[in-house]
Structure formats: structure tokens, C-alpha cells
Amino acid sequence: MASIRLSFEEKWEKIIACDRKYDGLFFTAVKTTKIYCRPSCRSRKPKKINVEFYDDITEVENAGFRACKRCQPEIEFSPHMVVVKEVIAFLINHYKQDLILKDIADQAGLSPFYLERLFKQETAETPRTYLEKIRIDKAAYLLKSTALTNLEICYEVGFQSTSTFYKAFRTVKQCSPSEYRRGTCYELD
Ligand SMILES: [Zn+2]
């Protein structure tokens, strides 16, 4: 599995949000309990200082961590899901680029038609909508952690126009980027 380019802070946010989109892409290891979890695990959150992140399940196992009984991170994904997870890792690492379905399919060695069908079957989304959510996650992170303007963030996360950015942001976060930054936004889970 390609390792994904997310900072510690971003990974921390995903586990606080129990974000299933990132399952299988990294693992949360808790130094005090020696247990490791999926990002979406619903168990009580560890203290930030006790957390380490691993991209690879073999590495986390070799480091002496045991799989959490609740989220069962060691359960293997189906071969189809492994392909889809590789595609998702590619999307996370290339979200800034103006990707079209063919680029994504070429990278996975599949036809665009087959990729879209497989992706939909495994995630109930298209690569396009998934990429949009990854970009919005990135934008939300930048809104909270930087002083970049909405416009700068729009292009930074790979949107080609502000109207698309605002529309996608509202669809995912149920509010505008400015409302989100001010903290006057109530996310629907
Ligand atoms: Zn767990």
C-alpha cells in the first residue's frame, strides 16, 4: 500500500472524527495500551501524546502492538477493496492536481469504466466525489489551522473554480468555508 501524505495533525483529526474514509490507509497505535486501531474506531480516544501513526500493518505489528477487538484493524480487505484503497491513497497524495478519471484509472492499471464500477461497488461513491471529499477535508483543515484566505484555499486544495469549491464545501460540511472557520457550523455525521 502506498503511504499517504498526511501530517500527524491531519491524521489526529481523522481519528477524532472517526473518519471511515481513511480506514486501511493508516493505523493508530497507542503506546500506553499497546493496541492499534482503524481511524474510524469508536473506542474512547487516547491522549494525543500517547499516539503514534503507522502506514503499514506489518510495521505496527512488528512494533509490538495488538489489534483492537472493537474495530478489528487486522481484518483483511477483499482483493477489490485493496485495489480501491490504492486508488484512494493515490487521490489523497495527488488531490492538488486536476485529475480526470482516466489519470486515476491509468494509475491503477484499469479501464475508466471498470474502475468507476469497482469503486462504486466498494464505497458507494465515484472516484470524483471521493476526491472532492478529500479536498474538502483538506480545505477544512487549512481553514482551522492557517490564515490562508478562502480563495487561496480553494486553489490550494485543487479546485479549479470558487463556485465549485463553495458548492462542494457546503455539500460536505453543511455550511460555508467562512462559517466553518468561525466555528458556527454544525457538521452532520
Ligand atoms: Zn479500535
# chains A, B, ... in the order shown; residues from 1 in each chain; ligands from 1
$ residues_near_ligand --ligand "ligand 1" --cutoff "6 Å" --atoms "only C-alpha atoms and all ligand atoms" --output "ChimeraX atom specification"
/A:37-38,41,43,68,70-71
$ residues_around --residues "A:Asn150" --least-positions-apart "2" --cutoff "10 Å" --atoms "only C-alpha atoms" --output "ChimeraX atom specification"
/A:139,142-143,147-148,152-156,162,165-166,176-178,181
$ write_last_selection --atoms "C-alpha atoms" --output "PDB file, in the first residue's frame"
ATOM      1  CA  ALA A 139      -9.737  22.733   2.992  1.00  0.00           C
ATOM      2  CA  LEU A 142      -6.453  24.651   6.326  1.00  0.00           C
ATOM      3  CA  LEU A 143      -9.353  26.895   7.375  1.00  0.00           C
ATOM      4  CA  ALA A 147      -4.593  32.171   7.859  1.00  0.00           C
ATOM      5  CA  LEU A 148      -4.984  31.463   4.130  1.00  0.00           C
ATOM      6  CA  GLU A 152      -6.195  30.682  -1.643  1.00  0.00           C
ATOM      7  CA  ILE A 153      -7.511  27.518  -0.044  1.00  0.00           C
ATOM      8  CA  CYS A 154      -9.829  26.857  -2.981  1.00  0.00           C
ATOM      9  CA  TYR A 155      -6.887  26.624  -5.392  1.00  0.00           C
ATOM     10  CA  GLU A 156      -4.544  25.082  -2.835  1.00  0.00           C
ATOM     11  CA  THR A 162     -14.557  29.103  -6.496  1.00  0.00           C
ATOM     12  CA  PHE A 165     -15.403  24.891  -4.197  1.00  0.00           C
ATOM     13  CA  TYR A 166     -18.213  26.666  -2.315  1.00  0.00           C
ATOM     14  CA  SER A 176     -19.782  27.909   4.048  1.00  0.00           C
ATOM     15  CA  PRO A 177     -15.980  27.950   4.458  1.00  0.00           C
ATOM     16  CA  SER A 178     -16.222  31.200   6.473  1.00  0.00           C
ATOM     17  CA  ARG A 181     -13.652  28.876  10.127  1.00  0.00           C
TER      18      ARG A 181
END
$ select_by_dssp --residues "chain A" --states "helix (DSSP H, G or I)" --output "number ranges by chain"
A: 8-16, 20-22, 48-50, 57-62, 79-93, 101-108, 112-123, 127-145, 150-156, 162-173, 177-182
$ write_last_selection --atoms "C-alpha atoms" --output "short mmCIF file (atom, residue, chain, number, x, y, z; two decimals), in the first residue's frame"
data_model
loop_
_atom_site.label_atom_id
_atom_site.label_comp_id
_atom_site.auth_asym_id
_atom_site.auth_seq_id
_atom_site.Cartn_x
_atom_site.Cartn_y
_atom_site.Cartn_z
CA PHE A 8 0.31 14.00 12.27
CA GLU A 9 -2.26 16.74 12.97
CA GLU A 10 -4.38 15.72 9.99
CA LYS A 11 -4.31 12.07 10.98
CA TRP A 12 -5.23 13.07 14.51
CA GLU A 13 -8.25 14.97 13.17
CA LYS A 14 -9.39 11.93 11.20
CA ILE A 15 -9.36 9.72 14.27
CA ILE A 16 -11.18 12.31 16.37
CA ARG A 20 -14.07 5.81 7.83
CA LYS A 21 -12.73 7.24 4.56
CA TYR A 22 -9.18 6.75 5.85
CA LYS A 48 -2.68 12.68 21.76
CA ILE A 49 0.73 12.36 23.38
CA ASN A 50 0.37 8.56 23.55
CA ILE A 57 0.10 -3.08 9.29
CA THR A 58 3.25 -5.25 9.34
CA GLU A 59 5.23 -2.40 10.90
CA VAL A 60 2.68 -1.78 13.62
CA GLU A 61 2.51 -5.50 14.44
CA ASN A 62 6.31 -5.76 14.47
CA PRO A 79 -8.91 -8.01 -3.16
CA HIS A 80 -11.28 -5.49 -4.74
CA MET A 81 -11.08 -3.26 -1.70
CA VAL A 82 -7.27 -3.43 -1.77
CA VAL A 83 -7.36 -2.00 -5.31
CA VAL A 84 -9.81 0.68 -4.21
CA LYS A 85 -7.65 1.59 -1.19
CA GLU A 86 -4.65 2.01 -3.50
CA VAL A 87 -6.72 4.36 -5.62
CA ILE A 88 -7.80 6.31 -2.52
CA ALA A 89 -4.15 6.62 -1.40
CA PHE A 90 -3.37 7.99 -4.88
CA LEU A 91 -6.21 10.53 -4.57
CA ILE A 92 -5.00 11.67 -1.13
CA ASN A 93 -1.46 12.13 -2.43
CA LEU A 101 -10.96 9.69 -14.31
CA LYS A 102 -8.58 8.44 -16.99
CA ASP A 103 -5.50 9.56 -14.99
CA ILE A 104 -6.77 7.72 -11.95
CA ALA A 105 -7.64 4.61 -13.96
CA ASP A 106 -4.27 4.61 -15.75
CA GLN A 107 -2.51 4.76 -12.42
CA ALA A 108 -4.48 1.74 -11.19
CA PRO A 112 -12.05 4.06 -16.52
CA PHE A 113 -15.32 2.18 -16.86
CA TYR A 114 -14.19 -0.75 -14.72
CA LEU A 115 -12.54 1.48 -12.11
CA GLU A 116 -15.68 3.53 -11.65
CA ARG A 117 -17.84 0.43 -11.33
CA LEU A 118 -15.47 -1.22 -8.83
CA PHE A 119 -15.08 1.95 -6.80
CA LYS A 120 -18.82 2.47 -6.60
CA GLN A 121 -19.41 -1.12 -5.60
CA GLU A 122 -16.91 -0.88 -2.71
CA THR A 123 -17.51 2.67 -1.45
CA PRO A 127 -13.66 8.47 -7.56
CA ARG A 128 -14.73 12.03 -8.42
CA THR A 129 -16.97 12.52 -5.37
CA TYR A 130 -14.42 10.81 -3.13
CA LEU A 131 -11.69 13.14 -4.36
CA GLU A 132 -13.98 16.07 -3.71
CA LYS A 133 -14.44 14.95 -0.09
CA ILE A 134 -10.68 14.56 0.36
CA ARG A 135 -10.23 18.12 -0.97
CA ILE A 136 -12.90 19.46 1.37
CA ASP A 137 -11.25 17.70 4.33
CA LYS A 138 -8.00 19.37 3.35
CA ALA A 139 -9.74 22.73 2.99
CA ALA A 140 -11.41 22.35 6.39
CA TYR A 141 -8.05 21.58 7.95
CA LEU A 142 -6.45 24.65 6.33
CA LEU A 143 -9.35 26.90 7.38
CA LYS A 144 -8.83 25.91 11.00
CA SER A 145 -5.04 25.78 11.07
CA ASN A 150 -10.92 31.10 1.17
CA LEU A 151 -9.73 31.87 -2.34
CA GLU A 152 -6.19 30.68 -1.64
CA ILE A 153 -7.51 27.52 -0.04
CA CYS A 154 -9.83 26.86 -2.98
CA TYR A 155 -6.89 26.62 -5.39
CA GLU A 156 -4.54 25.08 -2.83
CA THR A 162 -14.56 29.10 -6.50
CA SER A 163 -18.17 28.27 -7.30
CA THR A 164 -17.35 24.55 -7.44
CA PHE A 165 -15.40 24.89 -4.20
CA TYR A 166 -18.21 26.67 -2.31
CA LYS A 167 -20.82 24.24 -3.58
CA ALA A 168 -18.76 21.17 -2.68
CA PHE A 169 -17.87 22.62 0.72
CA ARG A 170 -21.50 23.19 1.57
CA THR A 171 -22.47 19.70 0.41
CA VAL A 172 -19.88 18.04 2.66
CA LYS A 173 -19.84 20.39 5.68
CA PRO A 177 -15.98 27.95 4.46
CA SER A 178 -16.22 31.20 6.47
CA GLU A 179 -18.83 29.77 8.81
CA TYR A 180 -16.65 26.72 9.26
CA ARG A 181 -13.65 28.88 10.13
CA ARG A 182 -15.66 30.86 12.66
#
$ residues_around --residues "A:Thr28" --least-positions-apart "4" --cutoff "7 Å" --atoms "only C-alpha atoms" --output "PyMOL selection string"
chain A and resi 36-39+51-54
$ write_last_selection --atoms "N, CA, C and O atoms" --output "mmCIF file, in the first residue's frame"
data_model
loop_
_atom_site.group_PDB
_atom_site.id
_atom_site.type_symbol
_atom_site.label_atom_id
_atom_site.label_comp_id
_atom_site.auth_asym_id
_atom_site.auth_seq_id
_atom_site.Cartn_x
_atom_site.Cartn_y
_atom_site.Cartn_z
ATOM 1 N N TYR A 36 -3.580 -1.219 18.586
ATOM 2 C CA TYR A 36 -3.720 -0.360 17.396
ATOM 3 C C TYR A 36 -5.116 -0.487 16.784
ATOM 4 O O TYR A 36 -5.771 -1.512 16.918
ATOM 5 N N CYS A 37 -5.529 0.602 16.136
ATOM 6 C CA CYS A 37 -6.914 0.760 15.667
ATOM 7 C C CYS A 37 -6.978 1.300 14.244
ATOM 8 O O CYS A 37 -6.023 1.861 13.721
ATOM 9 N N ARG A 38 -8.175 1.171 13.683
ATOM 10 C CA ARG A 38 -8.500 1.890 12.444
ATOM 11 C C ARG A 38 -8.801 3.352 12.801
ATOM 12 O O ARG A 38 -9.259 3.612 13.918
ATOM 13 N N PRO A 39 -8.676 4.275 11.822
ATOM 14 C CA PRO A 39 -9.070 5.663 12.100
ATOM 15 C C PRO A 39 -10.522 5.793 12.571
ATOM 16 O O PRO A 39 -10.838 6.665 13.373
ATOM 17 N N VAL A 51 -0.087 8.695 21.172
ATOM 18 C CA VAL A 51 -0.414 8.120 19.862
ATOM 19 C C VAL A 51 0.771 8.151 18.890
ATOM 20 O O VAL A 51 1.517 9.119 18.846
ATOM 21 N N GLU A 52 0.893 7.069 18.153
ATOM 22 C CA GLU A 52 1.829 7.018 17.030
ATOM 23 C C GLU A 52 1.035 6.548 15.820
ATOM 24 O O GLU A 52 0.139 5.728 15.974
ATOM 25 N N PHE A 53 1.393 7.006 14.631
ATOM 26 C CA PHE A 53 0.694 6.541 13.437
ATOM 27 C C PHE A 53 1.605 5.661 12.588
ATOM 28 O O PHE A 53 2.788 5.955 12.434
ATOM 29 N N TYR A 54 1.023 4.616 12.058
ATOM 30 C CA TYR A 54 1.749 3.712 11.170
ATOM 31 C C TYR A 54 0.989 3.593 9.856
ATOM 32 O O TYR A 54 -0.238 3.533 9.862
#
$ atom_distance --atom1 "atom CA of A:Lys47" --atom2 "atom CA of A:Ser7"
17.3 Å
$ select_by_dssp --residues "stretch 46-100 of chain A" --states "strand (DSSP E or B)" --output "PyMOL selection string"
chain A and resi 51-54+66-67
$ atom_distance --atom1 "atom CA of A:Phe65" --atom2 "atom CA of A:Leu25"
17.0 Å
$ closest_residue --among "A:Leu110, A:Ala63, A:Gln72, A:Arg44" --to "A:Cys18" --atoms "only C-alpha atoms"
A:Arg44
$ closest_residue --among "A:Arg5, A:Glu76, A:Ser111, A:Lys45" --to "A:Asp23" --atoms "only C-alpha atoms"
A:Glu76
